[in-house]
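Q: Sending over final.cif (mmCIF, C-alpha atoms).
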data_start
loop_
_atom_site.label_atom_id
_atom_site.label_comp_id
_atom_site.auth_asym_id
_atom_site.auth_seq_id
_atom_site.Cartn_x
_atom_site.Cartn_y
_atom_site.Cartn_z
CA MET A 1167 110.08 248.79 40.27
CA SER A 1168 106.78 250.65 40.55
CA ARG A 1169 105.75 252.56 43.65
CA ASP A 1170 102.58 251.64 45.51
CA VAL A 1171 99.98 253.50 47.55
CA ILE A 1172 101.92 253.01 50.80
CA ASP A 1173 105.07 254.49 49.20
CA HIS A 1174 102.95 257.41 48.01
CA LEU A 1175 101.30 258.03 51.40
CA ALA A 1176 104.51 257.52 53.41
CA GLU A 1177 106.60 259.45 50.82
CA ILE A 1178 109.19 256.69 50.48
CA PRO A 1179 111.58 257.54 47.61
CA ALA A 1180 112.49 254.80 45.12
CA GLY A 1181 115.85 253.29 46.00
CA SER A 1182 115.84 254.59 49.59
CA ARG A 1183 116.75 252.35 52.55
CA LEU A 1184 113.06 252.03 53.53
CA ASP A 1185 112.18 251.11 49.95
CA GLU A 1186 114.78 248.31 50.10
CA ILE A 1187 113.47 247.10 53.45
CA ARG A 1188 109.88 246.99 52.18
CA ARG A 1189 110.98 244.99 49.14
CA ALA A 1190 112.52 242.34 51.43
CA ARG A 1191 108.89 241.37 52.23
CA PRO A 1192 107.71 241.17 48.59
CA ASP A 1193 104.40 239.39 49.25
CA ALA A 1194 103.46 241.73 52.09
CA ARG A 1195 104.23 244.70 49.87
CA GLU A 1196 102.39 243.29 46.84
CA HIS A 1197 99.32 242.15 48.75
CA ALA A 1198 98.94 245.32 50.80
CA GLN A 1199 98.56 246.94 47.37
CA GLN A 1200 96.21 244.17 46.16
CA SER A 1201 94.12 244.71 49.32
CA PHE A 1202 93.87 248.40 48.47
CA LEU A 1203 92.75 247.53 44.95
CA ALA A 1204 90.26 244.87 46.11
CA LEU A 1205 88.62 247.20 48.62
CA LEU A 1206 88.94 250.64 47.01
CA GLU A 1207 89.05 249.91 43.28
CA PRO A 1208 87.17 246.60 42.97
CA THR A 1209 86.16 245.33 39.53
CA HIS A 1210 82.78 244.27 40.93
CA PRO A 1211 81.90 246.57 43.85
CA GLY A 1212 78.55 244.84 44.45
CA GLN A 1213 76.19 246.58 46.86
CA LEU A 1214 78.97 248.67 48.44
CA ALA A 1215 79.40 251.23 45.65
CA LEU A 1216 82.67 253.07 45.00
CA ALA A 1217 81.29 256.37 46.32
CA ASP A 1218 80.29 254.63 49.57
CA ARG A 1219 83.75 253.05 49.86
CA TYR A 1220 85.46 256.42 49.42
CA ALA A 1221 83.13 258.09 51.94
CA VAL A 1222 83.97 255.36 54.48
CA ALA A 1223 87.70 255.59 53.68
CA ALA A 1224 87.81 259.38 54.04
CA TYR A 1225 85.87 259.18 57.31
CA VAL A 1226 88.15 256.43 58.68
CA ALA A 1227 91.34 258.28 57.70
CA LEU A 1228 90.06 261.54 59.23
CA LEU A 1229 89.16 259.68 62.45
CA HIS A 1230 92.76 258.45 62.63
CA ASP A 1231 94.08 262.02 62.45
CA GLY A 1232 95.01 263.87 65.63
CA SER A 1233 93.46 267.16 64.48
CA PRO A 1234 90.94 268.55 61.93
CA THR A 1235 93.76 269.35 59.47
CA PRO A 1236 93.94 266.28 57.20
CA THR A 1237 97.20 264.33 57.03
CA ARG A 1238 98.52 263.32 53.61
CA ALA A 1239 96.62 260.01 53.88
CA ALA A 1240 93.31 261.65 54.83
CA ALA A 1241 93.74 264.22 52.04
CA PHE A 1242 94.31 261.34 49.58
CA TYR A 1243 91.05 259.62 50.55
CA LEU A 1244 89.14 262.93 50.58
CA GLU A 1245 90.33 263.48 47.02
CA LEU A 1246 89.10 260.03 45.96
CA LEU A 1247 85.73 260.87 47.54
CA GLY A 1248 85.63 264.25 45.82
CA ASP A 1249 85.99 262.51 42.44
CA GLU A 1250 82.90 260.33 43.08
CA ALA A 1251 80.64 262.50 45.22
CA ASP A 1252 79.33 266.06 45.34
CA ALA A 1253 80.87 268.74 47.54
CA ASP A 1254 77.98 268.62 50.03
CA LEU A 1255 78.66 264.98 50.84
CA VAL A 1256 82.42 265.62 51.19
CA ARG A 1257 81.66 268.42 53.66
CA ALA A 1258 79.21 266.23 55.56
CA VAL A 1259 81.77 263.43 55.89
CA ARG A 1260 84.39 265.89 57.17
CA ARG A 1261 81.93 267.29 59.70
CA ALA A 1262 80.98 263.78 60.84
CA ALA A 1263 84.67 262.94 61.37
CA ASP A 1264 85.29 266.19 63.29
CA ASP A 1265 82.33 265.31 65.54
CA GLY A 1266 83.45 261.70 65.95
CA ARG A 1267 87.16 262.10 66.70
CA ALA A 1268 88.19 260.53 70.03
CA SER A 1269 91.08 258.73 71.68
CA GLY A 1270 90.88 254.96 71.18
CA PRO A 1271 90.69 252.11 71.80
CA TYR A 1272 87.96 252.23 74.46
CA GLY A 1273 84.93 250.08 75.22
CA ASP A 1274 83.55 247.28 77.37
CA TYR A 1275 84.82 243.71 77.46
CA ARG A 1276 82.56 240.71 77.04
CA GLU A 1277 84.91 238.79 79.35
CA PRO A 1278 83.82 239.14 82.99
CA ALA A 1279 87.36 239.11 84.47
CA LEU A 1280 88.26 242.13 82.30
CA ALA A 1281 85.34 244.32 83.43
CA ASP A 1282 87.70 246.56 85.44
CA GLU A 1283 89.57 247.47 82.26
CA ALA A 1284 86.46 248.94 80.58
CA ARG A 1285 86.95 252.50 79.36
CA PRO A 1286 83.98 254.68 78.32
CA GLY A 1287 83.92 256.74 75.13
CA PRO A 1288 81.59 258.30 72.59
CA VAL A 1289 79.26 256.41 70.21
CA ALA A 1290 78.76 258.06 66.80
CA ALA A 1291 75.31 259.28 65.71
CA ILE A 1292 75.55 260.41 62.08
CA ASP A 1293 73.20 263.15 60.84
CA ARG A 1294 70.72 261.50 58.42
CA ALA A 1295 69.74 264.90 57.00
CA ALA A 1296 73.25 265.31 55.56
CA ILE A 1297 74.16 261.71 54.77
CA PRO A 1298 71.84 259.03 53.26
CA ALA A 1299 70.68 256.48 55.84
CA PRO A 1300 72.52 253.39 54.51
CA LEU A 1301 75.83 255.29 54.31
CA ALA A 1302 75.19 256.85 57.72
CA ALA A 1303 74.79 253.36 59.21
CA ALA A 1304 78.03 252.28 57.50
CA LEU A 1305 79.87 255.28 58.99
CA GLU A 1306 78.50 254.54 62.47
CA HIS A 1307 79.84 251.01 62.11
CA ALA A 1308 83.18 252.37 60.90
CA HIS A 1309 83.37 254.60 64.00
CA LEU A 1310 82.80 251.54 66.21
CA LEU A 1311 85.52 249.56 64.42
CA VAL A 1312 88.07 252.38 64.40
CA LEU A 1313 87.72 253.59 67.99
CA HIS A 1314 85.99 250.98 70.15
CA PRO A 1315 85.97 247.63 68.38
CA ARG A 1316 85.64 245.64 71.61
CA ASP A 1317 82.15 247.17 72.00
CA ALA A 1318 81.04 245.25 68.88
CA ARG A 1319 78.03 242.98 69.44
CA PRO A 1320 75.54 241.24 67.09
CA ALA A 1321 73.26 244.31 67.39
CA ALA A 1322 75.83 246.39 65.47
CA LEU A 1323 75.56 244.03 62.49
CA ARG A 1324 71.77 244.02 62.83
CA ALA A 1325 71.81 247.83 62.48
CA LEU A 1326 73.61 247.39 59.15
CA VAL A 1327 71.03 244.82 58.02
CA ASP A 1328 68.22 247.17 59.09
CA ALA A 1329 69.81 249.88 56.93
CA GLY A 1330 69.59 247.55 53.93
CA TRP A 1331 73.08 246.04 53.77
CA GLY A 1332 73.50 242.37 52.80
CA ALA A 1333 76.05 239.92 54.22
CA ASP A 1334 78.55 240.35 51.36
CA ALA A 1335 78.54 244.14 51.75
CA ILE A 1336 78.90 243.82 55.53
CA VAL A 1337 82.05 241.72 55.02
CA SER A 1338 83.46 244.16 52.45
CA LEU A 1339 82.71 247.14 54.71
CA SER A 1340 84.37 245.41 57.68
CA GLN A 1341 87.43 244.53 55.58
CA LEU A 1342 87.63 248.08 54.24
CA VAL A 1343 87.67 249.70 57.68
CA ALA A 1344 89.98 247.06 59.18
CA PHE A 1345 92.40 247.22 56.24
CA LEU A 1346 92.62 251.00 56.58
CA ALA A 1347 93.39 250.62 60.31
CA PHE A 1348 96.41 248.57 59.12
CA GLN A 1349 97.45 250.74 56.20
CA LEU A 1350 97.23 254.05 58.07
CA ARG A 1351 99.33 252.65 60.95
CA LEU A 1352 101.91 251.21 58.60
CA VAL A 1353 102.16 254.61 56.89
CA HIS A 1354 102.40 256.40 60.24
CA GLY A 1355 105.08 253.99 61.45
CA LEU A 1356 107.16 254.22 58.27
CA ARG A 1357 106.96 258.02 58.26
CA THR A 1358 108.04 258.13 61.90
CA LEU A 1359 110.95 255.76 61.23
CA ALA A 1360 112.08 257.83 58.22
CA ALA A 1361 111.91 261.00 60.34
CA THR A 1362 114.11 259.53 63.08
CA PRO A 1363 117.70 259.53 61.82
CA ASP A 1364 120.01 256.98 63.38
CA GLY A 1365 122.69 259.10 65.03
CA ARG A 1366 124.92 256.19 65.98
CA THR A 1367 128.30 255.40 64.39
CA ASP A 1368 128.98 252.07 62.69
CA HIS A 1369 130.97 251.03 65.75
CA GLU A 1370 128.05 251.77 68.07
CA LEU A 1371 125.69 249.84 65.78
CA GLN A 1372 127.98 246.81 65.97
CA GLU A 1373 128.10 247.10 69.74
CA ALA A 1374 124.30 247.31 69.89
CA ARG A 1375 123.94 244.18 67.78
CA ALA A 1376 126.48 242.21 69.76
CA MET B 347 71.31 249.74 47.00
CA THR B 348 69.55 247.02 45.03
CA GLY B 349 67.11 245.93 47.73
CA THR B 350 66.68 242.61 45.96
CA HIS B 351 68.80 240.45 48.29
CA ASP B 352 67.31 238.34 51.06
CA ARG B 353 67.53 239.89 54.51
CA THR B 354 70.69 238.60 56.24
CA GLU B 355 70.09 236.72 59.47
CA ILE B 356 72.36 237.85 62.32
CA LEU B 357 73.29 234.97 64.62
CA GLU B 358 73.34 235.12 68.44
CA HIS B 359 74.92 232.42 70.57
CA PRO B 360 73.19 232.63 73.96
CA ALA B 361 74.59 229.31 75.24
CA LEU B 362 78.20 229.91 74.13
CA HIS B 363 80.95 228.91 76.60
CA ARG B 364 82.84 232.21 76.59
CA PRO B 365 86.39 232.81 77.88
CA GLU B 366 86.63 234.70 81.18
CA ALA B 367 89.79 236.67 80.34
CA PHE B 368 92.89 236.62 78.10
CA THR B 369 94.33 233.14 77.73
CA GLN B 370 96.98 231.18 75.81
CA ARG B 371 94.54 228.28 75.42
CA GLY B 372 93.23 227.43 71.98
CA LEU B 373 89.83 229.09 71.44
CA GLY B 374 87.07 228.61 68.89
CA TRP B 375 85.23 231.46 67.19
CA ALA B 376 81.48 231.74 66.50
CA PRO B 377 80.31 234.03 63.65
CA TRP B 378 77.45 236.55 63.92
CA ALA B 379 76.95 236.84 60.16
CA PRO B 380 76.45 233.71 58.06
CA PRO B 381 79.60 232.14 56.56
CA VAL B 382 79.42 230.59 53.08
CA ALA B 383 78.52 226.89 53.52
CA GLU B 384 81.53 224.65 52.86
CA HIS B 385 79.83 222.82 49.98
CA GLU B 386 78.74 226.12 48.40
CA LEU B 387 82.23 227.69 48.16
CA THR B 388 82.92 228.79 44.58
CA GLU B 389 86.24 228.20 42.86
CA ALA B 390 87.20 231.87 43.45
CA GLN B 391 86.34 231.56 47.14
CA ARG B 392 88.40 228.37 47.53
CA HIS B 393 91.31 230.08 45.81
CA ALA B 394 90.94 232.99 48.26
CA LEU B 395 91.34 230.65 51.25
CA VAL B 396 94.98 230.06 50.09
CA GLU B 397 95.23 226.89 52.22
CA ALA B 398 92.52 224.28 51.54
CA SER B 399 92.31 223.35 55.25
CA ARG B 400 90.89 226.81 55.98
CA SER B 401 87.53 225.80 54.44
CA SER B 402 86.63 224.26 57.82
CA SER B 403 86.98 227.68 59.55
CA PRO B 404 83.74 229.72 59.84
CA TYR B 405 85.87 232.88 60.09
CA PHE B 406 87.56 232.32 56.72
CA ARG B 407 84.32 231.11 55.09
CA LEU B 408 82.64 234.35 56.25
CA LEU B 409 85.49 236.47 54.84
CA ALA B 410 85.21 234.44 51.61
CA ARG B 411 82.16 236.62 50.81
CA ASP B 412 84.79 239.08 49.52
CA PRO B 413 87.30 236.65 48.00
CA GLU B 414 89.75 239.19 46.52
CA ALA B 415 90.05 241.01 49.85
CA LEU B 416 90.46 237.72 51.76
CA ARG B 417 93.18 236.40 49.48
CA ALA B 418 95.20 239.63 49.60
CA ARG B 419 94.76 239.84 53.40
CA THR B 420 96.01 236.28 53.89
CA LEU B 421 99.09 236.66 51.67
CA THR B 422 100.00 239.92 53.46
CA ASP B 423 99.68 238.12 56.81
CA LEU B 424 101.80 235.10 55.81
CA ASP B 425 104.72 237.23 54.60
CA ILE B 426 104.75 239.65 57.56
CA PHE B 427 104.80 236.80 60.09
CA GLY B 428 106.46 233.95 58.19
CA ASN B 429 109.20 235.42 55.97
CA GLU B 430 112.45 234.49 57.71
CA ALA B 431 114.79 236.66 55.61
CA GLY B 432 116.28 239.25 57.98
CA GLY B 433 114.34 241.60 60.20
CA LEU B 434 112.88 240.67 63.56
CA PRO B 435 112.95 237.08 64.88
CA ARG B 436 109.51 235.58 64.25
CA TRP B 437 108.61 235.33 67.93
CA GLU B 438 109.08 239.08 68.34
CA ARG B 439 106.70 239.72 65.44
CA GLU B 440 104.21 237.49 67.29
CA LEU B 441 104.85 239.52 70.44
CA SER B 442 104.00 242.70 68.48
CA ALA B 443 100.74 241.04 67.35
CA ALA B 444 99.90 239.87 70.87
CA ALA B 445 100.55 243.35 72.34
CA ALA B 446 98.30 245.03 69.75
CA SER B 447 95.59 242.44 70.45
CA ARG B 448 95.94 242.98 74.21
CA VAL B 449 95.41 246.75 73.76
CA ASN B 450 92.43 246.40 71.44
CA GLY B 451 90.91 243.70 73.65
CA CYS B 452 90.80 240.90 71.08
CA VAL B 453 90.91 237.80 73.29
CA PHE B 454 90.81 235.45 70.30
CA CYS B 455 93.75 237.02 68.40
CA ALA B 456 95.73 237.44 71.62
CA SER B 457 95.33 233.72 72.38
CA VAL B 458 96.64 232.64 68.96
CA HIS B 459 99.62 235.00 68.90
CA ALA B 460 100.53 234.78 72.58
CA ARG B 461 100.65 231.01 72.11
CA ALA B 462 102.82 231.41 68.97
CA ALA B 463 105.18 233.79 70.80
CA SER B 464 105.50 231.28 73.66
CA ARG B 465 106.07 228.34 71.33
CA LEU B 466 108.76 230.16 69.31
CA SER B 467 110.54 231.73 72.31
CA GLY B 468 109.94 229.30 75.18
CA ARG B 469 109.01 232.34 77.34
CA THR B 470 105.51 231.19 78.28
CA ASP B 471 105.53 232.88 81.71
CA ASP B 472 106.61 236.26 80.34
CA VAL B 473 103.91 236.04 77.68
CA GLN B 474 101.34 235.13 80.35
CA LEU B 475 102.34 238.24 82.31
CA LEU B 476 101.51 240.37 79.24
CA LEU B 477 98.07 238.75 79.08
CA ASP B 478 97.38 238.92 82.83
CA GLU B 479 98.74 242.37 83.66
CA GLY B 480 98.45 244.06 80.27
CA VAL B 481 101.01 245.95 78.19
CA GLY B 482 102.34 247.79 81.25
CA ALA B 483 103.99 244.57 82.54
CA ARG B 484 107.81 245.03 82.48
CA ILE B 485 110.08 242.17 81.32
CA ASP B 486 113.36 243.49 79.85
CA ASP B 487 114.50 246.45 77.74
CA ARG B 488 114.06 244.82 74.33
CA TRP B 489 110.74 243.16 75.15
CA ASP B 490 109.38 246.36 76.71
CA ALA B 491 110.50 248.45 73.71
CA ILE B 492 108.60 246.13 71.33
CA VAL B 493 105.46 246.05 73.49
CA ASP B 494 105.45 249.82 74.03
CA ALA B 495 106.00 250.56 70.34
CA SER B 496 103.20 248.15 69.36
CA SER B 497 100.84 249.63 71.94
CA ALA B 498 101.57 253.19 70.83
CA LEU B 499 100.92 252.26 67.19
CA THR B 500 97.62 250.64 68.20
CA ALA B 501 96.25 253.83 69.80
CA THR B 502 93.95 256.02 67.68
CA PRO B 503 95.36 258.45 66.74
CA ALA B 504 98.62 256.51 66.59
CA ALA B 505 101.06 257.57 69.34
CA PHE B 506 104.11 255.80 67.84
CA ALA B 507 106.86 258.45 67.95
CA PRO B 508 110.62 258.91 67.43
CA GLU B 509 111.24 257.90 71.06
CA HIS B 510 109.86 254.41 70.25
CA VAL B 511 112.21 254.12 67.28
CA GLU B 512 115.14 255.19 69.46
CA ARG B 513 114.33 252.63 72.17
CA LEU B 514 114.01 249.83 69.58
CA ARG B 515 117.38 250.81 68.10
CA ALA B 516 118.98 251.03 71.55
CA ALA B 517 117.73 247.47 72.19
CA GLY B 518 119.74 246.28 69.16
CA ILE B 519 116.97 246.15 66.54
CA ASP B 520 117.89 247.36 63.04
CA ASP B 521 115.53 249.27 60.76
CA ALA B 522 114.38 246.10 58.95
CA GLY B 523 113.43 244.71 62.37
CA ILE B 524 111.61 247.92 63.28
CA VAL B 525 109.61 247.67 60.04
CA ASP B 526 108.65 244.09 61.04
CA GLN B 527 107.51 245.34 64.45
CA ILE B 528 105.49 248.14 62.83
CA ALA B 529 103.96 245.77 60.25
CA GLY B 530 103.18 243.07 62.85
CA ALA B 531 101.39 245.48 65.18
CA ALA B 532 99.67 247.28 62.29
CA PHE B 533 98.46 244.01 60.79
CA PHE B 534 96.76 243.04 64.05
CA ASN B 535 94.87 246.29 63.99
CA TRP B 536 93.32 244.80 60.85
CA ALA B 537 92.76 241.27 62.21
CA ASN B 538 91.51 242.37 65.65
CA ARG B 539 88.77 244.49 64.11
CA LEU B 540 87.47 241.59 62.00
CA MET B 541 87.56 239.02 64.80
CA LEU B 542 85.98 241.43 67.32
CA SER B 543 83.17 242.68 65.11
CA LEU B 544 82.06 239.66 63.04
CA GLY B 545 81.82 237.09 65.83
CA GLU B 546 83.15 236.09 69.24
CA PRO B 547 85.53 233.60 70.89
CA GLU B 548 84.42 230.44 72.61
CA VAL B 549 86.20 227.97 74.85
CA GLY B 550 86.52 224.88 72.68
#
What does the file become when written as structure tokens?

A:
Amino acid sequence: MSRDVIDHLAEIPAGSRLDEIRRARPDAREHAQQSFLALLEPTHPGQLALADRYAVAAYVALLHDGSPTPTRAAAFYLELLGDEADADLVRAVRRAADDGRASGPYGDYREPALADEARPGPVAAIDRAAIPAPLAAALEHAHLLVLHPRDARPAALRALVDAGWGADAIVSLSQLVAFLAFQLRLVHGLRTLAATPDGRTDHELQEARA
Amino acid sequence: MTGTHDRTEILEHPALHRPEAFTQRGLGWAPWAPPVAEHELTEAQRHALVEASRSSSPYFRLLARDPEALRARTLTDLDIFGNEAGGLPRWERELSAAAASRVNGCVFCASVHARAASRLSGRTDDVQLLLDEGVGARIDDRWDAIVDASSALTATPAAFAPEHVERLRAAGIDDAGIVDQIAGAAFFNWANRLMLSLGEPEVG
């Protein structure tokens, strides 16, 4: 009955009610963990090296935070980055996230009838003096995916190609950012649920279900 | 950075017949990065598709470039939305997915999951109201609690708060059901980002 990364990040104790509920979806639980392993601890990382993956993950987690003080999840990914990269890069990633934080999702629609729902917001421009150009392009793409994914167009993928990334790495990068958007929300939701005690009596619960 | 790979060609589709707005119609999807050709799929990539029929989908053949991530993604998806043991009725998980997709602006994902919610619930008109008017459309207490919780979780930073949990509970949803709502909305924050950023919907 081992614990997984989501249990660790959401601080779900073994044997708790939430632990039981998670185990009632055994494949979802198992393959959320397998997704983490495939994207953050792959056997064959290919062009997207581990240090790049951790830099993207730390940046994405920090962008999901409401303030510059890292949540438990952001601190976890910063620690993974710190194990693979020097302190200057860790600082640069934190600075980039502090500069890039915004309230999402925003962006323009491709669909003409939805033009009135467009909402403007910032586009990231990562400092190439502090972060190598290929990683900087990956972080700019991560910012797009985290905060304004409906602004995505073919030109965004072309910017990754121009920075030297191949198609396989582009897919892995996209999966990494998108998976984290799932994992961080699941953790946030589970933490919120655990922090909201059900004050109702058994009788009231039965009434509510009826 | 190896620098030895061929430069990837990014695909544009100038003549595509694009949808005008959110719809429950079936849509196609055109990739911007090159999928693996069907006859070139390796054994590992076919295994990652989980269902053999998915080899005809350009979306899944593009994701097959990272087979381990695709396989794990798909098995997570199937259990969150298909496991019938307890929790939220399946159509309300689909509603959570449709609401997240409506907020992010993923017309393709919204079409698939709005259609699934309609098919499983028979409430096609209510679902259409969500697509036409957005997540502010009001239907009934339980529906609104699910849509509002899914929308709040979709914001960055996430705005899902104890008040959402309390409204879901007041609507008669137990904690296993709330975890299904959270997982359904969270999962579509994964799927929306892939469908929005690797290609675009087309009217088929």

Q: Pull the closest atom pair for each residue of range 1250-1344 of chain A that gets at most 10 Å from range 399-423 of chain B, along with the distance in Å to one decimal, counting all atoms listed in the file, ordering rows by chain and then ascending residue number, as CSV.

A:
residue,atom,partner,partner_atom,distance
A:Ala1333,CA,B:Arg411,CA,7.7
A:Asp1334,CA,B:Arg411,CA,5.2
A:Ala1335,CA,B:Asp412,CA,8.3
A:Ile1336,CA,B:Arg411,CA,9.2
A:Val1337,CA,B:Leu409,CA,6.3
A:Ser1338,CA,B:Asp412,CA,6.0
A:Leu1339,CA,B:Asp412,CA,9.8
A:Ser1340,CA,B:Leu409,CA,9.4
A:Gln1341,CA,B:Ala415,CA,7.2
A:Leu1342,CA,B:Ala415,CA,8.7

Q: Define the interface residues of chain A facing chain B as those within 7 Å, counting only C-alpha atoms, and report them as a ChimeraX atom specification.

A: /A:1187,1191,1193-1194,1197-1198,1200-1201,1204-1205,1213,1230-1232,1269-1271,1277-1280,1311,1313,1315-1316,1318-1320,1323-1324,1327,1330,1332-1334,1337-1338,1340,1344-1345,1347-1348,1351-1352,1355,1358-1359,1362,1374-1375

Q: Would you work out the distance separating CA of Pro1211 in chain A from CA of Leu1247 in chain A, expressed in Å to one decimal?

A: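 Answer for the CA of Pro1211 in chain A to CA of Leu1247 in chain A separation: 15.3 Å.
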
Q: Take CA of Leu1305 in chain A and CA of Ala1251 in chain A and report the distance between them in Å, one decimal.

A: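 Rounded to one decimal, the two atoms are 15.6 Å apart.
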
Q: Grab the CA of Gly1212 in chain A to CA of Ala1241 in chain A distance for me, in Å with one decimal place.

A: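 Separation between CA of Gly1212 in chain A and CA of Ala1241 in chain A: 25.8 Å.
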
Q: Name the residues that the PyMOL selection byres ((chain A and resi 1303) around 12) picks from the file above, as a ChimeraX atom specification, using the file's chain letters and numbers.

A: /A:1218,1222,1290-1294,1297-1302,1304-1310,1322-1331,1336,1339

Q: Need the shell around Gly1287 in chain A: protein/DNA/RNA residues with any atom at most 8 Å away, counting all atoms listed in the file. Skip same-chain ones fewer than 4 positions apart. Format as a list of chain:residue names?

A: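 Close residues of Gly1287 in chain A: A:Ala1268, A:Tyr1272, A:Gly1273, A:His1314.
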
Q: With all atoms listed in the file as the basis for distance, which of A:Asp1264, A:Ala1296, A:Ala1221, A:Leu1229 is at the shortest distance from Gly1248 in chain A?

A: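 Distance minimum relative to Gly1248 in chain A lands on A:Ala1221.
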
Q: Please provide the set of residues having any atom within 12 Å of Phe1242 in chain A, restricted to all atoms listed in the file, with same-chain residues fewer than 3 positions apart removed, written as a tab-separated table (two decimals) with C-alpha atoms, keeping the file's coordinate frame.

A:
chain	number	residue	atom	x	y	z
A	1171	VAL	CA	99.98	253.50	47.55
A	1172	ILE	CA	101.92	253.01	50.80
A	1174	HIS	CA	102.95	257.41	48.01
A	1175	LEU	CA	101.30	258.03	51.40
A	1176	ALA	CA	104.51	257.52	53.41
A	1220	TYR	CA	85.46	256.42	49.42
A	1221	ALA	CA	83.13	258.09	51.94
A	1223	ALA	CA	87.70	255.59	53.68
A	1224	ALA	CA	87.81	259.38	54.04
A	1225	TYR	CA	85.87	259.18	57.31
A	1227	ALA	CA	91.34	258.28	57.70
A	1228	LEU	CA	90.06	261.54	59.23
A	1236	PRO	CA	93.94	266.28	57.20
A	1237	THR	CA	97.20	264.33	57.03
A	1238	ARG	CA	98.52	263.32	53.61
A	1239	ALA	CA	96.62	260.01	53.88
A	1245	GLU	CA	90.33	263.48	47.02
A	1246	LEU	CA	89.10	260.03	45.96
A	1247	LEU	CA	85.73	260.87	47.54
A	1248	GLY	CA	85.63	264.25	45.82
A	1249	ASP	CA	85.99	262.51	42.44
A	1350	LEU	CA	97.23	254.05	58.07

Q: Give the answer as one residue: which of A:Arg1276, A:Arg1257, A:Arg1357, A:Arg1195 has the shortest atom-to-atom distance to Asp1317 in chain A, using only C-alpha atoms?

A: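 Under the stated criterion, the closest residue is A:Arg1276.
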
Q: Might you pull out every residue within 9 Å of Ala445 in chain B, with all atoms listed in the file counted and same-chain residues fewer than 6 positions away left off, and present them as a PyMOL selection string?

A: chain B and resi 456+460+476-477+480-481+492-494+496-497+500+531

Q: Can you tell me which residues surround Arg461 in chain B at a distance of at most 8 Å, considering only C-alpha atoms, apart from same-chain residues fewer than 5 positions away, and format the answer as a PyMOL selection string?

A: chain B and resi 370-371+470

Q: Would you mind telling me which residue in B:Ala498, B:Ala483, B:Leu373, B:Ala462 lies nearest to His1354 in chain A when using all atoms listed in the file?

A: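 That would be B:Ala498, the residue with the smallest distance to His1354 in chain A.
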
Q: N, CA and C atoms are needed for range 1282-1295 of chain A; please write them out as a tab-separated table (two decimals), in the coordinates of the input.

A:
chain	number	residue	atom	x	y	z
A	1282	ASP	N	87.01	245.40	84.84
A	1282	ASP	CA	87.70	246.56	85.44
A	1282	ASP	C	88.48	247.37	84.42
A	1283	GLU	N	88.79	246.77	83.28
A	1283	GLU	CA	89.57	247.47	82.26
A	1283	GLU	C	88.68	248.25	81.29
A	1284	ALA	N	87.36	248.22	81.48
A	1284	ALA	CA	86.46	248.94	80.58
A	1284	ALA	C	86.78	250.42	80.61
A	1285	ARG	N	86.69	251.06	79.46
A	1285	ARG	CA	86.95	252.50	79.36
A	1285	ARG	C	85.83	253.11	78.54
A	1286	PRO	N	85.10	254.11	79.08
A	1286	PRO	CA	83.98	254.68	78.32
A	1286	PRO	C	84.45	255.61	77.22
A	1287	GLY	N	83.60	255.82	76.22
A	1287	GLY	CA	83.92	256.74	75.13
A	1287	GLY	C	82.68	256.97	74.29
A	1288	PRO	N	82.77	257.91	73.36
A	1288	PRO	CA	81.59	258.30	72.59
A	1288	PRO	C	81.16	257.26	71.54
A	1289	VAL	N	79.84	257.22	71.28
A	1289	VAL	CA	79.26	256.41	70.21
A	1289	VAL	C	78.78	257.39	69.14
A	1290	ALA	N	79.12	257.13	67.87
A	1290	ALA	CA	78.76	258.06	66.80
A	1290	ALA	C	77.27	258.01	66.50
A	1291	ALA	N	76.68	259.19	66.22
A	1291	ALA	CA	75.31	259.28	65.71
A	1291	ALA	C	75.38	260.22	64.50
A	1292	ILE	N	75.35	259.63	63.31
A	1292	ILE	CA	75.55	260.41	62.08
A	1292	ILE	C	74.23	261.08	61.68
A	1293	ASP	N	74.35	262.33	61.24
A	1293	ASP	CA	73.20	263.15	60.84
A	1293	ASP	C	72.59	262.64	59.52
A	1294	ARG	N	71.38	262.05	59.61
A	1294	ARG	CA	70.72	261.50	58.42
A	1294	ARG	C	70.22	262.58	57.46
A	1295	ALA	N	70.16	263.83	57.91
A	1295	ALA	CA	69.74	264.90	57.00
A	1295	ALA	C	70.85	265.21	56.01
